[in-house]
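The block underneath contains the structure these notes are about, expressed in structure tokens.
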Amino acid sequence: MNKIIASLAAFALVAVTVIGPVNAAGVAITVTSPDRQTFTVALPAGVDLEAADVITLKITTASNGNAVDLSGNAVTTATLGAGAAETLTNDGDANGVIVITEGGDDEAAGADLVFALTSALTDNTAYVVAYSDTDSNFSAAIVSFGTASTVAVTATVDPVLTFSIAGGNVDFGSLNPVGDNVAATQTTVAFSTNATSGIVLSGSAVGGDTGTTAGALGIAGSTSVIPAIGGETNPTAFNDAAEYFAVDLQALAATAGAVNADNAFSSADNGTADRANALSGVTALVGSVLDPVAASFNVRYHVGIVPTTDAGSYSGTVTYTA
């Protein structure tokens with residue numbers, strides 16, 4: 001009997017000597033992943049890893065503890081804190097094990113460990129991520145994924161067009177038969193649109209017999225008209241000793257939006273120089289912009305007569321359309 005007791009005592013002494021490292025410490029970690037592919041393991045401040053320290057992770061399913069086969073879904077990158085990428089000693093195997101060796105960066109204690117898999121883990125599943133390191137820290141945390149419900153968000157921006165003219169009626173007064181008569185009053189045309197196709201502006205002028213002669217100034221109830229001219233590419237002035245009614249556009253002033261340089265009133269606008277604009281038709285293109293835009297321009301009015309122009313009171317109407 002004494003021999004049996006002595007044997008048991010000896011066995012008990014041996015059992016004491018094989019207990020794990022005295023520095024082993026269970027720590028609290030959390031594991032998050034926004035996409036089931038990139039994972040962040042948040043380590044507590046007590047975990048202070050240095051160069052050449054080794055981290056071992058194991059991923060299993062929470063429902064049955066089965067290892068997640070990572071042999072075909074390896075870890076692509078692993079980074080501790082803000083330092084360079086760590087060394088993947090084992091980038092994932094069939095037993096769900098990942099081994100990461102800390103590189104030369106000495107990260108601050110409690111730095112997060114971030115690793116990414118080749119592809120996302122299965123949705124509607126909970127996983128256990130077990131953690132241990134060569135400093136004898138160990139822990140585990142559950143990360144659970146469920147199907148996200150999506151909400152479609154739609155909105156409509158209605159097309160808007162604003163258009164105005166200002167400056168009042170244009171009165172030339174008594175016309176001089178020598179040179180170009182320029183009205184003191186100008187018309188300011190302002191417009192804006194958010195339409196991606198932009199805006200097209202056109203104009204027309206009528207006057208003369210009962211106000212129906214296209215593009216002209218005329219004496220109401222008679223056939224006496226001062227005809228419109230237009231379409232001249234670069235006249236130096238409207239004083240060519242002929243009868244004419246014409247308008248010219250001053251430089252387009254864009255106040256917002258993009259003005260398409262290829263088609264932004266380029267056919268009718270050359271800055272401060274005079275240019276006849278083709279309002280001789282019933283409706284003629286004034287200009288166009290091919291993008292959303294807010295802009296304005298001024299229109300000047302010109303009349304030329306000759307000594308034999310019929311006397312009388314001439315009038316007409318210019319209509320602008322956006």
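In the structure tokens, chains take the letters A, B, ... in the order shown, each chain's residues start at 1, and ligands count up from 1 in the order shown.
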
Please run DSSP on the backbone and report, as a VMD selection string, all residues within stretch 10-115 of chain A that come out as strand (DSSP E). chain A and resid 25 to 26 30 to 32 38 to 42 54 to 61 75 to 80 87 to 90 97 to 101 113 to 115

Dump as JSON lines the rows for residues of stretch 92-140 of chain A within 6 Å of stretch 21-40 of chain A: closest atom pair and distance in Å with one decimal, only C-alpha atoms counted, ordered by chain and rising residue number.
{"residue": "A:Leu113", "atom": "CA", "partner": "A:Thr40", "partner_atom": "CA", "distance": 5.7}
{"residue": "A:Val114", "atom": "CA", "partner": "A:Thr40", "partner_atom": "CA", "distance": 4.5}
{"residue": "A:Phe115", "atom": "CA", "partner": "A:Phe39", "partner_atom": "CA", "distance": 5.5}
{"residue": "A:Ala116", "atom": "CA", "partner": "A:Thr38", "partner_atom": "CA", "distance": 4.2}
{"residue": "A:Leu117", "atom": "CA", "partner": "A:Gln37", "partner_atom": "CA", "distance": 5.3}
{"residue": "A:Ser119", "atom": "CA", "partner": "A:Gln37", "partner_atom": "CA", "distance": 5.8}
{"residue": "A:Ala120", "atom": "CA", "partner": "A:Gln37", "partner_atom": "CA", "distance": 4.2}
{"residue": "A:Leu121", "atom": "CA", "partner": "A:Arg36", "partner_atom": "CA", "distance": 5.3}
{"residue": "A:Ser136", "atom": "CA", "partner": "A:Ala24", "partner_atom": "CA", "distance": 4.5}
{"residue": "A:Asn137", "atom": "CA", "partner": "A:Ala25", "partner_atom": "CA", "distance": 4.9}
{"residue": "A:Phe138", "atom": "CA", "partner": "A:Gly26", "partner_atom": "CA", "distance": 5.1}
{"residue": "A:Ser139", "atom": "CA", "partner": "A:Val27", "partner_atom": "CA", "distance": 5.5}

I'd like the contact shell of A:Thr125 - 6 Å cut-off, only C-alpha atoms, skipping same-chain residues fewer than 2 positions apart - returned as a list in words. Asp123, Ser144 and Phe145 of chain A

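Considering the residues A:Pro177, A:Pro227, A:Gly198, A:Pro307 and counting only C-alpha atoms, A:Ser288 has its shortest atom-to-atom contact with A:Gly198.
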
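We find atom CA of A:Leu49 and atom CA of A:Asn90 to be spaced 18.3 Å apart.
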
Within 10 Å of A:Val225, counting only C-alpha atoms, which residues show up once you throw out same-chain ones fewer than 2 positions away? Write them as a ChimeraX atom specification, please. /A:207-209,213,215-220,222-223,227-228,243-245,309-310,314-316

Take the selection from the previous step and output its residues with N, CA, C and O atoms, as a short mmCIF file (atom, residue, chain, number, x, y, z; two decimals), in the first residue's frame.
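Output saved as selection-v4.cif:
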data_model
loop_
_atom_site.label_atom_id
_atom_site.label_comp_id
_atom_site.auth_asym_id
_atom_site.auth_seq_id
_atom_site.Cartn_x
_atom_site.Cartn_y
_atom_site.Cartn_z
N GLY A 207 -42.05 93.06 -89.85
CA GLY A 207 -42.40 94.47 -89.94
C GLY A 207 -42.97 94.77 -91.31
O GLY A 207 -43.11 93.87 -92.15
N GLY A 208 -43.29 96.03 -91.58
CA GLY A 208 -43.79 96.40 -92.91
C GLY A 208 -45.28 96.27 -93.03
O GLY A 208 -46.02 96.52 -92.08
N ASP A 209 -45.73 95.86 -94.21
CA ASP A 209 -47.17 95.85 -94.50
C ASP A 209 -47.89 94.93 -93.52
O ASP A 209 -47.70 93.72 -93.53
N THR A 213 -43.93 91.29 -93.00
CA THR A 213 -42.75 91.10 -93.85
C THR A 213 -41.60 90.58 -92.98
O THR A 213 -41.18 91.24 -92.03
N GLY A 215 -38.31 89.70 -91.22
CA GLY A 215 -36.99 90.24 -91.01
C GLY A 215 -36.83 91.70 -91.31
O GLY A 215 -35.71 92.18 -91.48
N ALA A 216 -37.89 92.47 -91.39
CA ALA A 216 -37.76 93.85 -91.86
C ALA A 216 -38.37 94.83 -90.88
O ALA A 216 -39.15 94.48 -89.99
N LEU A 217 -38.00 96.09 -91.05
CA LEU A 217 -38.74 97.20 -90.48
C LEU A 217 -39.57 97.79 -91.61
O LEU A 217 -39.14 97.86 -92.76
N GLY A 218 -40.78 98.21 -91.27
CA GLY A 218 -41.62 98.74 -92.34
C GLY A 218 -42.63 99.72 -91.82
O GLY A 218 -42.85 99.87 -90.61
N ILE A 219 -43.25 100.42 -92.77
CA ILE A 219 -44.34 101.34 -92.46
C ILE A 219 -45.63 100.55 -92.48
O ILE A 219 -45.96 99.91 -93.49
N ALA A 220 -46.32 100.54 -91.36
CA ALA A 220 -47.54 99.74 -91.26
C ALA A 220 -48.52 100.12 -92.36
O ALA A 220 -48.72 101.30 -92.66
N SER A 222 -48.25 99.65 -95.51
CA SER A 222 -47.65 99.99 -96.80
C SER A 222 -46.63 98.93 -97.17
O SER A 222 -46.32 98.03 -96.39
N THR A 223 -46.10 99.08 -98.35
CA THR A 223 -45.06 98.15 -98.80
C THR A 223 -43.67 98.73 -98.60
O THR A 223 -42.69 98.14 -99.06
N PRO A 227 -35.16 96.35 -95.47
CA PRO A 227 -34.98 94.90 -95.41
C PRO A 227 -33.89 94.49 -94.42
O PRO A 227 -32.97 95.25 -94.12
N ALA A 228 -34.01 93.28 -93.95
CA ALA A 228 -33.00 92.74 -93.05
C ALA A 228 -31.81 92.23 -93.85
O ALA A 228 -31.95 91.81 -95.00
N GLU A 243 -29.83 100.04 -97.72
CA GLU A 243 -30.84 99.94 -96.68
C GLU A 243 -30.71 98.58 -95.98
O GLU A 243 -30.57 97.56 -96.65
N TYR A 244 -30.77 98.60 -94.66
CA TYR A 244 -30.69 97.33 -93.94
C TYR A 244 -31.21 97.49 -92.52
O TYR A 244 -31.18 98.57 -91.95
N PHE A 245 -31.69 96.39 -92.00
CA PHE A 245 -31.99 96.25 -90.58
C PHE A 245 -31.24 95.01 -90.12
O PHE A 245 -31.36 93.93 -90.72
N THR A 309 -34.66 106.59 -99.23
CA THR A 309 -35.54 105.72 -98.44
C THR A 309 -36.86 106.44 -98.17
O THR A 309 -36.86 107.62 -97.79
N ASP A 310 -37.97 105.72 -98.37
CA ASP A 310 -39.29 106.34 -98.16
C ASP A 310 -39.40 106.92 -96.76
O ASP A 310 -39.02 106.28 -95.77
N TYR A 314 -41.23 103.80 -89.23
CA TYR A 314 -40.97 102.37 -89.42
C TYR A 314 -40.99 101.65 -88.07
O TYR A 314 -40.58 102.19 -87.04
N SER A 315 -41.46 100.43 -88.12
CA SER A 315 -41.49 99.63 -86.89
C SER A 315 -41.39 98.15 -87.25
O SER A 315 -41.58 97.75 -88.40
N GLY A 316 -41.09 97.40 -86.27
CA GLY A 316 -41.02 95.94 -86.44
C GLY A 316 -40.93 95.28 -85.06
O GLY A 316 -40.82 95.95 -84.03
#

Can you tell me which residues surround A:Thr187 at a distance of at most 9 Å, considering only C-alpha atoms, apart from same-chain residues fewer than 6 positions away, and format the answer as JSON, numbers by chain? {"A": [165, 166, 167, 168, 169, 170, 297, 298, 299, 300, 301]}

For A:Asn95: contacts at 9 Å, only C-alpha atoms, fewer than 3 positions along chain excluded, given as a list in words: Lys58, Ile59, Thr60, Asn66, Ala67, Val68, Asp69, Leu70, Ser71 and Gly92 of chain A

What does the structure give for the distance between atom CA of A:Ala111 and atom CA of A:Leu80, in Å to one decimal? 6.2 Å

Neighbours of A:Asp105 within 12 Å (only C-alpha atoms; same-chain residues fewer than 2 positions away dropped), as a PyMOL selection string? chain A and resi 48-53+79-87+101-103+107-108+111

Please determine, counting only C-alpha atoms, which residue among A:Phe163, A:His302, A:Ile100, A:Asp291 has the shortest atom-to-atom distance to A:Gln186. A:His302

What does the structure give for the distance between atom CA of A:Ala94 and atom CA of A:Leu57, in Å to one decimal? 12.9 Å

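The residue that comes closest to A:Leu43, out of A:Asp106, A:Ser132, A:Thr319, A:Val75 and on the basis of only C-alpha atoms, is A:Ser132.
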
May I ask which of the residues A:Val318, A:Thr156, A:Asp91, A:Asp180 is the closest one to A:Ala242, counting only C-alpha atoms?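 Using only C-alpha atoms, A:Ala242 sits closest to A:Asp180.
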
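Closest to A:Val247 among A:Asn181, A:Ser313, A:Asn194, A:Thr118 is A:Asn181, based on only C-alpha atoms.
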